[in-house]
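Colleague: Contents of start-v3.pdb (PDB, C-alpha atoms) are below:
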```
MODEL        1
ATOM      1  CA  MET P   1     -41.410   0.661 -21.214
ATOM      2  CA  THR P   2     -38.209   2.323 -22.429
ATOM      3  CA  ILE P   3     -34.605   1.304 -22.352
ATOM      4  CA  THR P   4     -31.471   3.441 -22.617
ATOM      5  CA  THR P   5     -29.091   2.118 -25.249
ATOM      6  CA  ARG P   6     -26.661   5.016 -25.747
ATOM      7  CA  LEU P   7     -25.295   7.811 -23.586
ATOM      8  CA  VAL P   8     -22.633  10.483 -23.914
ATOM      9  CA  LEU P   9     -21.599  11.863 -20.521
ATOM     10  CA  ASP P  10     -19.389  14.802 -19.630
ATOM     11  CA  ILE P  11     -17.411  13.686 -16.579
ATOM     12  CA  LEU P  12     -14.896  15.318 -14.257
ATOM     13  CA  LYS P  13     -12.544  12.736 -12.749
ATOM     14  CA  PRO P  14      -9.245  12.600 -10.824
ATOM     15  CA  HIS P  15      -6.141  11.465 -12.752
ATOM     16  CA  ARG P  16      -6.315   8.078 -10.992
ATOM     17  CA  PRO P  17      -7.722   5.645 -12.017
ATOM     18  CA  ASN P  18      -6.337   6.429 -15.469
ATOM     19  CA  ALA P  19      -8.552   6.411 -18.590
ATOM     20  CA  LEU P  20      -7.913   2.744 -19.325
ATOM     21  CA  ASP P  21      -8.739   1.494 -15.804
ATOM     22  CA  PHE P  22     -11.710   3.861 -15.620
ATOM     23  CA  VAL P  23     -13.202   2.475 -18.833
ATOM     24  CA  ARG P  24     -12.460  -1.124 -17.854
ATOM     25  CA  GLN P  25     -14.355  -0.707 -14.579
ATOM     26  CA  ILE P  26     -17.381   0.608 -16.457
ATOM     27  CA  LEU P  27     -17.158  -2.175 -19.017
ATOM     28  CA  LEU P  28     -17.321  -4.739 -16.200
ATOM     29  CA  ARG P  29     -20.982  -3.814 -15.822
ATOM     30  CA  ASN P  30     -23.436  -6.168 -17.530
ATOM     31  CA  ASP P  31     -25.630  -3.437 -19.010
ATOM     32  CA  ILE P  32     -22.798  -1.787 -20.986
ATOM     33  CA  HIS P  33     -21.035  -3.486 -23.874
ATOM     34  CA  ARG P  34     -19.091  -0.663 -25.494
ATOM     35  CA  VAL P  35     -17.284   2.350 -24.035
ATOM     36  CA  ARG P  36     -15.216   5.082 -25.652
ATOM     37  CA  LEU P  37     -13.480   7.804 -23.701
ATOM     38  CA  ASN P  38     -12.236  11.126 -25.095
ATOM     39  CA  LEU P  39     -10.083  13.430 -23.022
ATOM     40  CA  ALA P  40     -11.489  16.935 -23.339
ATOM     41  CA  GLU P  41      -9.398  18.855 -20.811
ATOM     42  CA  MET P  42      -6.701  18.223 -18.244
ATOM     43  CA  ASP P  43      -5.818  20.161 -15.081
ATOM     44  CA  GLU P  44      -3.242  19.608 -12.347
ATOM     45  CA  LYS P  45      -5.472  17.217 -10.370
ATOM     46  CA  THR P  46      -8.457  16.516 -12.599
ATOM     47  CA  GLU P  47      -9.446  15.718 -16.152
ATOM     48  CA  THR P  48     -12.663  16.274 -18.061
ATOM     49  CA  VAL P  49     -13.627  13.331 -20.238
ATOM     50  CA  LEU P  50     -16.425  12.538 -22.644
ATOM     51  CA  LEU P  51     -17.681   9.028 -22.123
ATOM     52  CA  HIS P  52     -19.556   7.369 -25.010
ATOM     53  CA  LEU P  53     -21.501   4.367 -23.743
ATOM     54  CA  GLU P  54     -23.526   1.744 -25.561
ATOM     55  CA  GLY P  55     -25.474  -0.959 -23.835
ATOM     56  CA  THR P  56     -28.545  -3.138 -23.699
ATOM     57  CA  ASP P  57     -30.420  -1.309 -20.955
ATOM     58  CA  ILE P  58     -28.158   1.195 -19.208
ATOM     59  CA  ASP P  59     -29.066   1.784 -15.573
ATOM     60  CA  TYR P  60     -28.154   5.465 -15.322
ATOM     61  CA  GLU P  61     -28.388   5.822 -11.518
ATOM     62  CA  ASP P  62     -26.223   2.785 -10.989
ATOM     63  CA  LEU P  63     -23.771   3.984 -13.632
ATOM     64  CA  VAL P  64     -23.412   7.328 -11.827
ATOM     65  CA  GLU P  65     -22.649   5.378  -8.650
ATOM     66  CA  THR P  66     -19.963   3.334 -10.425
ATOM     67  CA  ILE P  67     -18.394   6.547 -11.703
ATOM     68  CA  ALA P  68     -18.644   8.175  -8.240
ATOM     69  CA  ARG P  69     -16.903   5.168  -6.640
ATOM     70  CA  MET P  70     -13.895   5.969  -8.830
ATOM     71  CA  GLY P  71     -14.066   9.625  -7.776
ATOM     72  CA  GLY P  72     -15.785  10.901 -10.930
ATOM     73  CA  VAL P  73     -18.699  13.340 -11.175
ATOM     74  CA  VAL P  74     -21.167  13.501 -14.067
ATOM     75  CA  HIS P  75     -21.440  17.134 -15.187
ATOM     76  CA  SER P  76     -23.932  16.665 -17.981
ATOM     77  CA  ILE P  77     -25.684  14.172 -20.226
ATOM     78  CA  ASP P  78     -24.632  15.322 -23.700
ATOM     79  CA  GLU P  79     -26.378  12.675 -25.772
ATOM     80  CA  VAL P  80     -28.937  10.021 -25.047
ATOM     81  CA  GLU P  81     -30.692   7.307 -27.051
ATOM     82  CA  VAL P  82     -33.765   5.707 -25.570
ATOM     83  CA  ARG P  83     -35.908   3.058 -27.255
ATOM     84  CA  GLU P  84     -39.134   1.254 -26.687
ATOM     85  CA  ALA P  85     -38.265  -2.095 -25.148
ATOM     86  CA  ALA P  86     -40.374  -3.902 -27.811
ATOM     87  CA  ASP P  87     -38.455  -2.164 -30.657
ATOM     88  CA  ALA P  88     -35.135  -3.235 -29.209
ATOM     89  CA  ARG P  89     -36.357  -6.832 -28.863
ATOM     90  CA  SER P  90     -37.593  -7.020 -32.467
ATOM     91  CA  GLU P  91     -34.314  -5.489 -33.703
ATOM     92  CA  ALA P  92     -32.397  -8.116 -31.819
ATOM     93  CA  ASP P  93     -34.502 -10.871 -33.411
TER      94      ASP P  93
ATOM     95  CA  MET Y   1      -8.176   1.042  -3.854
ATOM     96  CA  PHE Y   2      -4.577   0.193  -2.972
ATOM     97  CA  GLN Y   3      -3.558   0.626  -6.600
ATOM     98  CA  LEU Y   4      -5.379   3.944  -6.665
ATOM     99  CA  THR Y   5      -3.437   5.284  -3.690
ATOM    100  CA  ARG Y   6      -0.157   3.449  -4.417
ATOM    101  CA  ALA Y   7      -0.421   1.994  -0.909
ATOM    102  CA  GLY Y   8       1.386  -1.191  -1.947
ATOM    103  CA  SER Y   9       4.685   0.546  -2.647
ATOM    104  CA  ILE Y  10       4.364   2.667   0.508
ATOM    105  CA  ALA Y  11       3.694  -0.419   2.657
ATOM    106  CA  ARG Y  12       6.675  -2.181   1.075
ATOM    107  CA  ARG Y  13       8.921   0.790   1.866
ATOM    108  CA  TYR Y  14       7.679   0.905   5.461
ATOM    109  CA  PHE Y  15       8.176  -2.859   5.830
ATOM    110  CA  VAL Y  16      11.833  -2.606   4.834
ATOM    111  CA  THR Y  17      12.751   0.613   6.651
ATOM    112  CA  ASN Y  18      11.049  -0.127   9.967
ATOM    113  CA  GLY Y  19      11.898  -3.828   9.721
ATOM    114  CA  PHE Y  20      15.539  -2.867   9.312
ATOM    115  CA  ASP Y  21      15.232  -0.516  12.328
ATOM    116  CA  GLY Y  22      13.899  -3.406  14.398
ATOM    117  CA  VAL Y  23      16.536  -5.881  13.288
ATOM    118  CA  LEU Y  24      19.365  -3.398  13.842
ATOM    119  CA  THR Y  25      18.063  -2.512  17.312
ATOM    120  CA  LEU Y  26      17.877  -6.178  18.297
ATOM    121  CA  PHE Y  27      21.310  -6.774  16.775
ATOM    122  CA  GLY Y  28      22.739  -3.897  18.842
ATOM    123  CA  LEU Y  29      21.172  -5.251  22.018
ATOM    124  CA  LEU Y  30      22.484  -8.770  21.371
ATOM    125  CA  VAL Y  31      25.997  -7.521  20.597
ATOM    126  CA  GLY Y  32      25.826  -5.484  23.808
ATOM    127  CA  PHE Y  33      24.847  -8.598  25.764
ATOM    128  CA  ARG Y  34      27.669 -10.559  24.119
ATOM    129  CA  LEU Y  35      30.254  -7.910  25.063
ATOM    130  CA  SER Y  36      28.962  -7.534  28.613
ATOM    131  CA  GLY Y  37      29.217 -11.298  29.158
ATOM    132  CA  THR Y  38      25.600 -11.662  30.295
ATOM    133  CA  THR Y  39      24.495 -15.277  30.269
ATOM    134  CA  GLU Y  40      20.931 -14.990  31.576
ATOM    135  CA  PHE Y  41      18.721 -15.866  28.611
ATOM    136  CA  GLY Y  42      15.627 -14.703  30.493
ATOM    137  CA  VAL Y  43      17.055 -11.198  30.955
ATOM    138  CA  MET Y  44      18.138 -10.991  27.317
ATOM    139  CA  ILE Y  45      14.746 -12.142  26.023
ATOM    140  CA  GLN Y  46      12.843  -9.755  28.284
ATOM    141  CA  ALA Y  47      15.015  -6.795  27.251
ATOM    142  CA  CYS Y  48      14.757  -7.666  23.550
ATOM    143  CA  LEU Y  49      10.996  -8.282  23.805
ATOM    144  CA  GLY Y  50      10.604  -4.909  25.513
ATOM    145  CA  ALA Y  51      12.469  -3.243  22.656
ATOM    146  CA  ALA Y  52      10.451  -5.208  20.041
ATOM    147  CA  VAL Y  53       7.116  -4.211  21.603
ATOM    148  CA  ALA Y  54       8.214  -0.565  21.862
ATOM    149  CA  LEU Y  55       9.331  -0.580  18.212
ATOM    150  CA  GLY Y  56       6.047  -2.196  17.197
ATOM    151  CA  VAL Y  57       3.869   0.321  19.054
ATOM    152  CA  SER Y  58       5.995   3.231  17.893
ATOM    153  CA  GLY Y  59       5.823   2.036  14.271
ATOM    154  CA  LEU Y  60       2.079   1.466  14.485
ATOM    155  CA  SER Y  61       1.204   4.841  15.983
ATOM    156  CA  SER Y  62       3.668   7.015  14.059
ATOM    157  CA  ALA Y  63       2.732   5.533  10.681
ATOM    158  CA  TYR Y  64      -1.006   5.806  11.404
ATOM    159  CA  ILE Y  65      -0.796   9.442  12.497
ATOM    160  CA  SER Y  66       1.407  10.571   9.610
ATOM    161  CA  GLU Y  67      -0.351   8.521   6.901
ATOM    162  CA  ALA Y  68      -3.850   9.512   8.055
ATOM    163  CA  ALA Y  69      -2.864  13.197   8.011
ATOM    164  CA  GLU Y  70      -1.237  12.825   4.590
ATOM    165  CA  ARG Y  71      -4.280  11.016   3.116
ATOM    166  CA  ARG Y  72      -6.727  13.559   4.547
ATOM    167  CA  LYS Y  73      -4.667  16.389   3.055
ATOM    168  CA  GLU Y  74      -4.595  14.668  -0.355
ATOM    169  CA  LEU Y  75      -8.349  14.031  -0.270
ATOM    170  CA  LYS Y  76      -9.093  17.622   0.709
ATOM    171  CA  ALA Y  77      -6.960  18.951  -2.161
ATOM    172  CA  LEU Y  78      -8.687  16.612  -4.610
ATOM    173  CA  GLU Y  79     -12.152  17.531  -3.290
ATOM    174  CA  GLN Y  80     -11.322  21.202  -3.760
ATOM    175  CA  ALA Y  81     -10.225  20.540  -7.339
ATOM    176  CA  MET Y  82     -13.332  18.435  -8.058
ATOM    177  CA  LEU Y  83     -15.691  20.770  -6.135
ATOM    178  CA  HIS Y  84     -17.307  17.581  -4.868
ATOM    179  CA  ASP Y  85     -17.421  15.450  -1.715
ATOM    180  CA  LEU Y  86     -15.395  12.281  -2.336
ATOM    181  CA  SER Y  87     -15.969  10.541   1.004
ATOM    182  CA  ALA Y  88     -18.135   7.823  -0.629
ATOM    183  CA  SER Y  89     -15.561   7.133  -3.354
ATOM    184  CA  GLU Y  90     -12.600   4.770  -3.233
ATOM    185  CA  TYR Y  91     -10.488   7.821  -2.350
ATOM    186  CA  GLY Y  92     -12.652   8.315   0.755
ATOM    187  CA  GLN Y  93     -12.359   4.629   1.677
ATOM    188  CA  ALA Y  94      -8.598   4.839   1.182
ATOM    189  CA  VAL Y  95      -8.384   7.714   3.686
ATOM    190  CA  ARG Y  96      -9.908   5.387   6.295
ATOM    191  CA  LEU Y  97      -8.269   2.051   5.393
ATOM    192  CA  VAL Y  98      -4.831   2.744   3.920
ATOM    193  CA  PRO Y  99      -3.365   4.391   7.068
ATOM    194  CA  LEU Y 100      -4.528   1.342   9.081
ATOM    195  CA  LEU Y 101      -2.904  -1.108   6.667
ATOM    196  CA  ILE Y 102       0.351   0.841   6.505
ATOM    197  CA  ALA Y 103       0.411   1.239  10.306
ATOM    198  CA  CYS Y 104       0.025  -2.545  10.699
ATOM    199  CA  VAL Y 105       2.896  -3.203   8.282
ATOM    200  CA  ASN Y 106       5.062  -0.569   9.945
ATOM    201  CA  GLY Y 107       4.354  -1.868  13.430
ATOM    202  CA  LEU Y 108       4.385  -5.587  12.740
ATOM    203  CA  SER Y 109       7.530  -5.728  10.596
ATOM    204  CA  PRO Y 110      10.020  -4.786  13.390
ATOM    205  CA  PHE Y 111       8.035  -6.790  15.965
ATOM    206  CA  LEU Y 112       7.820 -10.031  13.968
ATOM    207  CA  LEU Y 113      11.391  -9.833  12.680
ATOM    208  CA  SER Y 114      12.561  -9.285  16.269
ATOM    209  CA  LEU Y 115      10.632 -12.363  17.404
ATOM    210  CA  LEU Y 116      12.307 -14.368  14.639
ATOM    211  CA  ILE Y 117      15.764 -13.268  15.785
ATOM    212  CA  LEU Y 118      14.924 -14.260  19.369
ATOM    213  CA  VAL Y 119      14.090 -17.867  18.398
ATOM    214  CA  PRO Y 120      17.552 -19.313  19.342
ATOM    215  CA  LEU Y 121      17.415 -17.640  22.779
ATOM    216  CA  GLY Y 122      13.842 -18.822  23.320
ATOM    217  CA  LEU Y 123      14.765 -22.396  22.396
ATOM    218  CA  ALA Y 124      17.831 -22.321  24.669
ATOM    219  CA  GLN Y 125      15.719 -21.016  27.562
ATOM    220  CA  ARG Y 126      13.335 -23.940  27.106
ATOM    221  CA  GLY Y 127      16.260 -26.369  27.219
ATOM    222  CA  VAL Y 128      16.247 -27.284  23.527
ATOM    223  CA  PRO Y 129      19.822 -28.247  22.560
ATOM    224  CA  LEU Y 130      21.255 -26.130  19.714
ATOM    225  CA  PRO Y 131      24.285 -26.958  17.533
ATOM    226  CA  TRP Y 132      25.685 -23.437  18.119
ATOM    227  CA  PRO Y 133      25.770 -21.089  21.148
ATOM    228  CA  PRO Y 134      22.315 -19.411  21.354
ATOM    229  CA  LEU Y 135      23.475 -15.789  21.663
ATOM    230  CA  GLU Y 136      25.872 -16.085  18.722
ATOM    231  CA  SER Y 137      23.150 -17.877  16.736
ATOM    232  CA  ALA Y 138      20.733 -14.988  17.403
ATOM    233  CA  ILE Y 139      23.393 -12.461  16.299
ATOM    234  CA  ALA Y 140      24.049 -14.485  13.130
ATOM    235  CA  LEU Y 141      20.290 -14.751  12.516
ATOM    236  CA  ALA Y 142      19.973 -10.958  12.853
ATOM    237  CA  LEU Y 143      22.723 -10.510  10.247
ATOM    238  CA  ALA Y 144      20.981 -13.032   7.984
ATOM    239  CA  VAL Y 145      17.658 -11.142   8.293
ATOM    240  CA  MET Y 146      19.502  -7.880   7.508
ATOM    241  CA  PHE Y 147      20.973  -9.538   4.427
ATOM    242  CA  LEU Y 148      17.533 -10.749   3.299
ATOM    243  CA  LEU Y 149      16.021  -7.286   3.787
ATOM    244  CA  GLY Y 150      18.854  -5.887   1.662
ATOM    245  CA  VAL Y 151      18.206  -8.542  -0.985
ATOM    246  CA  PHE Y 152      14.478  -7.694  -0.965
ATOM    247  CA  LEU Y 153      15.315  -4.006  -1.356
ATOM    248  CA  GLY Y 154      17.697  -4.846  -4.203
ATOM    249  CA  LYS Y 155      15.007  -6.887  -5.961
ATOM    250  CA  ILE Y 156      12.324  -4.194  -5.763
ATOM    251  CA  SER Y 157      14.698  -1.370  -6.698
ATOM    252  CA  GLY Y 158      16.061  -3.359  -9.629
ATOM    253  CA  THR Y 159      19.671  -3.087  -8.395
ATOM    254  CA  HIS Y 160      21.968  -6.018  -7.749
ATOM    255  CA  TRP Y 161      20.484  -8.130  -4.950
ATOM    256  CA  LEU Y 162      23.808  -9.418  -3.631
ATOM    257  CA  GLY Y 163      25.331  -5.927  -3.440
ATOM    258  CA  MET Y 164      22.323  -4.619  -1.480
ATOM    259  CA  GLY Y 165      22.386  -7.643   0.831
ATOM    260  CA  LEU Y 166      26.089  -7.145   1.547
ATOM    261  CA  LYS Y 167      25.535  -3.425   2.131
ATOM    262  CA  ALA Y 168      22.889  -4.286   4.760
ATOM    263  CA  ILE Y 169      25.304  -6.670   6.507
ATOM    264  CA  PHE Y 170      28.018  -4.007   6.337
ATOM    265  CA  LEU Y 171      25.706  -1.596   8.199
ATOM    266  CA  GLY Y 172      25.245  -4.241  10.899
ATOM    267  CA  LEU Y 173      28.995  -4.718  11.198
ATOM    268  CA  VAL Y 174      29.527  -0.941  11.442
ATOM    269  CA  THR Y 175      26.955  -0.892  14.270
ATOM    270  CA  ALA Y 176      28.780  -3.732  16.036
ATOM    271  CA  GLY Y 177      32.091  -1.888  15.582
ATOM    272  CA  LEU Y 178      30.653   1.300  17.096
ATOM    273  CA  ILE Y 179      29.245  -0.629  20.073
ATOM    274  CA  LEU Y 180      32.637  -2.264  20.570
ATOM    275  CA  LEU Y 181      34.382   1.122  20.451
ATOM    276  CA  ILE Y 182      32.008   2.621  23.032
ATOM    277  CA  GLU Y 183      32.379  -0.464  25.241
ATOM    278  CA  ARG Y 184      36.186  -0.177  25.248
ATOM    279  CA  TRP Y 185      36.130   3.588  25.719
TER     280      TRP Y 185
ENDMDL
END
```
Here is a file; write its structure as C-alpha cells.

Modeller:
Amino acid sequence: MTITTRLVLDILKPHRPNALDFVRQILLRNDIHRVRLNLAEMDEKTETVLLHLEGTDIDYEDLVETIARMGGVVHSIDEVEVREAADARSEAD
Amino acid sequence: MFQLTRAGSIARRYFVTNGFDGVLTLFGLLVGFRLSGTTEFGVMIQACLGAAVALGVSGLSSAYISEAAERRKELKALEQAMLHDLSASEYGQAVRLVPLLIACVNGLSPFLLSLLILVPLGLAQRGVPLPWPPLESAIALALAVMFLLGVFLGKISGTHWLGMGLKAIFLGLVTAGLILLIERW
C-alpha cells in the first residue's frame, strides 16, 4: 500500500479567494500539514499558482474537489512523492 | 461564499437604501394623512400596509432579477477566463443563493421598518392608550428610524454618525415641506 506525502500542483484559480484564504482552506484538511503557494502568473480574472503540499496521506481526488469548490482547476501534477505505508510508519517511529 | 462574492456589503447597502425608501414613503403618507385631517386609523393602516407590501414585493423582485443577472454575467466571464465550468464551485452556489439573500434583505427591510412605524396606529386602533397622539407618534417614529438608518450608514462608511443621522432627518423634513407646499398649492 502506498501513501502520497508530497505534491506540487499547477493550479489556475480566480483572484478570490485570495492566496492566504485559499491556502488556509486547504490546510483545514486533516491529511495536509504544510502548504506553500507561489504565484506564477496573474491575469485580469485569474492567477496561476504553484501549490507545494506536504501531508501524511494526501487524498488527491478529495484535494482536487476542495480546490474546485474554491473555483480552482488543477492543470498538472508537477512533483509527487509516494511512499510505502510501512516505510512511512517506521520513519515516524 | 458570501465573503467570496462580497454579498455582505451589497446586502447592507440594499438594507439601508430600500429601508430608507420604505420609511420615507410611510412618512410621506402619514404626513399626508396629518394634513388632510383624516382620523380613521383603519384607513391609515390599510393604506400604509398596502404601500409597505408593494414596497416589499417590488424590492424582492427587482433585487432578485438584477442580482441574478449580474451574478450570472460575472460567473460566465469567470468561466470563460478559467475555460472551466464553475457551477459546482462556491461561485456557482453564489449565483443561486446570493440573489435570494439580497432579494430578501431588499424586500424585507422596507416592509419590516414600515410595520415598526405603524405600531402606534395599530395600538391606538386596538384601544391601547398612548401618552402621545398616535399619528404624531408614528410620524416621530418614522423620523427616528430615518435617523437610525443615517447613523448606521455613518458607522459603516466611517463618517460622523450624528451628521449622517441629522442628514437623514433633514431629508424627511424636506419631504414634509414639499408635501405641505403641494397641499397648500

Colleague: Taking the file as shown, what set of residues would the PyMOL selection byres ((chain P and resi 74) around 8) give back, as a ChimeraX atom specification?

Modeller: /P:9-12,64,67,72-73,75-77

Colleague: Pick out the closest residue to Arg13 of chain Y from this set: Y:Gln46, Y:Ser157, Y:Ser137, Y:Thr25. Count all atoms listed in the file.

Modeller: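 Using all atoms listed in the file, Arg13 of chain Y sits closest to Y:Ser157.
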
Colleague: Name the residues that the ChimeraX specification (/P :<10) & /Y picks from the file above, as a count of residues only, using the file's chain letters and numbers.

Modeller: 21

Colleague: Which residues are near Ala85 of chain P? Cut-off 6 Å, only C-alpha atoms, ignore same chain within fewer than 5 positions. Put them as a list in words.

Modeller: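 After dropping sequence-adjacent residues, the list is Met1, Thr2 and Ile3 of chain P.
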
Colleague: Quick check on the file I pasted: which residues fall under the PyMOL selection byres ((chain Y and resi 17-20) around 9)? Write them as an mmCIF file with C-alpha atoms, keeping the file's coordinate frame.

Modeller:
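That gives us selection.cif:
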```cif
data_model
loop_
_atom_site.group_PDB
_atom_site.id
_atom_site.type_symbol
_atom_site.label_atom_id
_atom_site.label_comp_id
_atom_site.auth_asym_id
_atom_site.auth_seq_id
_atom_site.Cartn_x
_atom_site.Cartn_y
_atom_site.Cartn_z
ATOM 1 C CA ARG Y 12 6.675 -2.181 1.075
ATOM 2 C CA ARG Y 13 8.921 0.790 1.866
ATOM 3 C CA TYR Y 14 7.679 0.905 5.461
ATOM 4 C CA PHE Y 15 8.176 -2.859 5.830
ATOM 5 C CA VAL Y 16 11.833 -2.606 4.834
ATOM 6 C CA ASP Y 21 15.232 -0.516 12.328
ATOM 7 C CA GLY Y 22 13.899 -3.406 14.398
ATOM 8 C CA VAL Y 23 16.536 -5.881 13.288
ATOM 9 C CA LEU Y 24 19.365 -3.398 13.842
ATOM 10 C CA THR Y 25 18.063 -2.512 17.312
ATOM 11 C CA LEU Y 55 9.331 -0.580 18.212
ATOM 12 C CA GLY Y 59 5.823 2.036 14.271
ATOM 13 C CA VAL Y 105 2.896 -3.203 8.282
ATOM 14 C CA ASN Y 106 5.062 -0.569 9.945
ATOM 15 C CA GLY Y 107 4.354 -1.868 13.430
ATOM 16 C CA LEU Y 108 4.385 -5.587 12.740
ATOM 17 C CA SER Y 109 7.530 -5.728 10.596
ATOM 18 C CA PRO Y 110 10.020 -4.786 13.390
ATOM 19 C CA PHE Y 111 8.035 -6.790 15.965
ATOM 20 C CA LEU Y 112 7.820 -10.031 13.968
ATOM 21 C CA LEU Y 113 11.391 -9.833 12.680
ATOM 22 C CA SER Y 114 12.561 -9.285 16.269
ATOM 23 C CA VAL Y 145 17.658 -11.142 8.293
ATOM 24 C CA MET Y 146 19.502 -7.880 7.508
ATOM 25 C CA LEU Y 149 16.021 -7.286 3.787
ATOM 26 C CA GLY Y 150 18.854 -5.887 1.662
ATOM 27 C CA ALA Y 168 22.889 -4.286 4.760
#
```

Colleague: If you measure from atom CA of Leu162 of chain Y to atom CA of Ala138 of chain Y, what distance in Å do you get, rounded to one decimal?

Modeller: 22.0 Å

Colleague: Give me, please, the distance in Å between atom CA of Phe147 of chain Y and atom CA of Ala176 of chain Y, quoted to one decimal.

Modeller: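 Pair atom CA of Phe147 of chain Y / atom CA of Ala176 of chain Y returns 15.1 Å.
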
Colleague: Go through Y:Gly172, Y:Gly42, Y:Pro99, Y:Gly28 one by one, measure the shortest atom-to-atom distance of each to Leu60 of chain Y using only C-alpha atoms, and give the residue with the smallest value.

Modeller: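 Of Y:Gly172, Y:Gly42, Y:Pro99, Y:Gly28, the one nearest Leu60 of chain Y, counting only C-alpha atoms, is Y:Pro99.
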
Colleague: To one decimal place in Å, what is the distance between atom CA of Ala86 of chain P and atom CA of Tyr60 of chain P?

Modeller: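 Separation between atom CA of Ala86 of chain P and atom CA of Tyr60 of chain P: 19.8 Å.
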
Colleague: Hey, which of P:Asp21, P:Ala40, P:Asp78, P:Arg29 ends up closest to His52 of chain P? Count only C-alpha atoms.

Modeller: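 Nearest candidate to His52 of chain P out of P:Asp21, P:Ala40, P:Asp78, P:Arg29: P:Asp78.
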
Colleague: Which residue gives the smallest distance to Leu39 of chain P among P:Ile58, P:Leu63, P:Val82, P:Leu20, with all atoms listed in the file counted?

Modeller: P:Leu20

Colleague: Would you mind telling me which residue in Y:His160, Y:Ile169, Y:Glu70, Y:Cys48 lies nearest to Leu30 of chain Y when using all atoms listed in the file?

Modeller: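 The closest residue to Leu30 of chain Y is Y:Cys48.
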
Colleague: Between Y:Val43, Y:Leu180, Y:Gly56, Y:Ile156, which is the closest to Gly8 of chain Y once you count all atoms listed in the file?

Modeller: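 The closest residue to Gly8 of chain Y is Y:Ile156.
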
Colleague: Fewer than 6 positions away in the same chain doesn't count, so skip those; otherwise give me all residues within 10 Å of Arg34 of chain Y, counting all atoms listed in the file, as a PyMOL selection string.

Modeller: chain Y and resi 28+135-136+139

Colleague: Reconstruct segment 16-21 of chain P at the level of all heavy atoms, and format the result as a PDB file, in the frame of the given file.

Modeller:
```
ATOM      1  N   ARG P  16      -6.284   9.521 -11.271  1.00  0.00           N
ATOM      2  CA  ARG P  16      -6.315   8.078 -10.992  1.00  0.00           C
ATOM      3  C   ARG P  16      -7.719   7.667 -10.571  1.00  0.00           C
ATOM      4  O   ARG P  16      -8.322   8.382  -9.761  1.00  0.00           O
ATOM      5  CB  ARG P  16      -5.315   7.748  -9.872  1.00  0.00           C
ATOM      6  CG  ARG P  16      -3.895   7.615 -10.412  1.00  0.00           C
ATOM      7  CD  ARG P  16      -2.945   7.317  -9.297  1.00  0.00           C
ATOM      8  NE  ARG P  16      -2.676   8.506  -8.533  1.00  0.00           N
ATOM      9  CZ  ARG P  16      -2.470   8.530  -7.217  1.00  0.00           C
ATOM     10  NH1 ARG P  16      -2.538   7.437  -6.519  1.00  0.00           N
ATOM     11  NH2 ARG P  16      -2.217   9.650  -6.591  1.00  0.00           N
ATOM     12  N   PRO P  17      -8.290   6.564 -11.043  1.00  0.00           N
ATOM     13  CA  PRO P  17      -7.722   5.645 -12.017  1.00  0.00           C
ATOM     14  C   PRO P  17      -7.562   6.293 -13.399  1.00  0.00           C
ATOM     15  O   PRO P  17      -8.357   7.173 -13.750  1.00  0.00           O
ATOM     16  CB  PRO P  17      -8.753   4.515 -12.080  1.00  0.00           C
ATOM     17  CG  PRO P  17     -10.018   5.104 -11.593  1.00  0.00           C
ATOM     18  CD  PRO P  17      -9.645   6.160 -10.628  1.00  0.00           C
ATOM     19  N   ASN P  18      -6.561   5.834 -14.151  1.00  0.00           N
ATOM     20  CA  ASN P  18      -6.337   6.429 -15.469  1.00  0.00           C
ATOM     21  C   ASN P  18      -7.465   6.022 -16.441  1.00  0.00           C
ATOM     22  O   ASN P  18      -8.310   5.182 -16.095  1.00  0.00           O
ATOM     23  CB  ASN P  18      -4.946   6.057 -16.008  1.00  0.00           C
ATOM     24  CG  ASN P  18      -4.812   4.578 -16.262  1.00  0.00           C
ATOM     25  OD1 ASN P  18      -5.799   3.879 -16.517  1.00  0.00           O
ATOM     26  ND2 ASN P  18      -3.604   4.066 -16.190  1.00  0.00           N
ATOM     27  N   ALA P  19      -7.446   6.605 -17.633  1.00  0.00           N
ATOM     28  CA  ALA P  19      -8.552   6.411 -18.590  1.00  0.00           C
ATOM     29  C   ALA P  19      -8.830   4.930 -18.857  1.00  0.00           C
ATOM     30  O   ALA P  19      -9.985   4.494 -18.895  1.00  0.00           O
ATOM     31  CB  ALA P  19      -8.216   7.136 -19.881  1.00  0.00           C
ATOM     32  N   LEU P  20      -7.751   4.159 -18.986  1.00  0.00           N
ATOM     33  CA  LEU P  20      -7.913   2.744 -19.325  1.00  0.00           C
ATOM     34  C   LEU P  20      -8.610   1.978 -18.185  1.00  0.00           C
ATOM     35  O   LEU P  20      -9.570   1.226 -18.420  1.00  0.00           O
ATOM     36  CB  LEU P  20      -6.526   2.143 -19.600  1.00  0.00           C
ATOM     37  CG  LEU P  20      -6.491   0.883 -20.424  1.00  0.00           C
ATOM     38  CD1 LEU P  20      -7.136   1.087 -21.777  1.00  0.00           C
ATOM     39  CD2 LEU P  20      -5.045   0.421 -20.599  1.00  0.00           C
ATOM     40  N   ASP P  21      -8.123   2.185 -16.949  1.00  0.00           N
ATOM     41  CA  ASP P  21      -8.739   1.494 -15.804  1.00  0.00           C
ATOM     42  C   ASP P  21     -10.167   1.972 -15.573  1.00  0.00           C
ATOM     43  O   ASP P  21     -11.047   1.199 -15.199  1.00  0.00           O
ATOM     44  CB  ASP P  21      -7.904   1.722 -14.531  1.00  0.00           C
ATOM     45  CG  ASP P  21      -6.568   1.002 -14.609  1.00  0.00           C
ATOM     46  OD1 ASP P  21      -6.496   0.008 -15.345  1.00  0.00           O
ATOM     47  OD2 ASP P  21      -5.608   1.449 -13.954  1.00  0.00           O
TER      48      ASP P  21
END
```
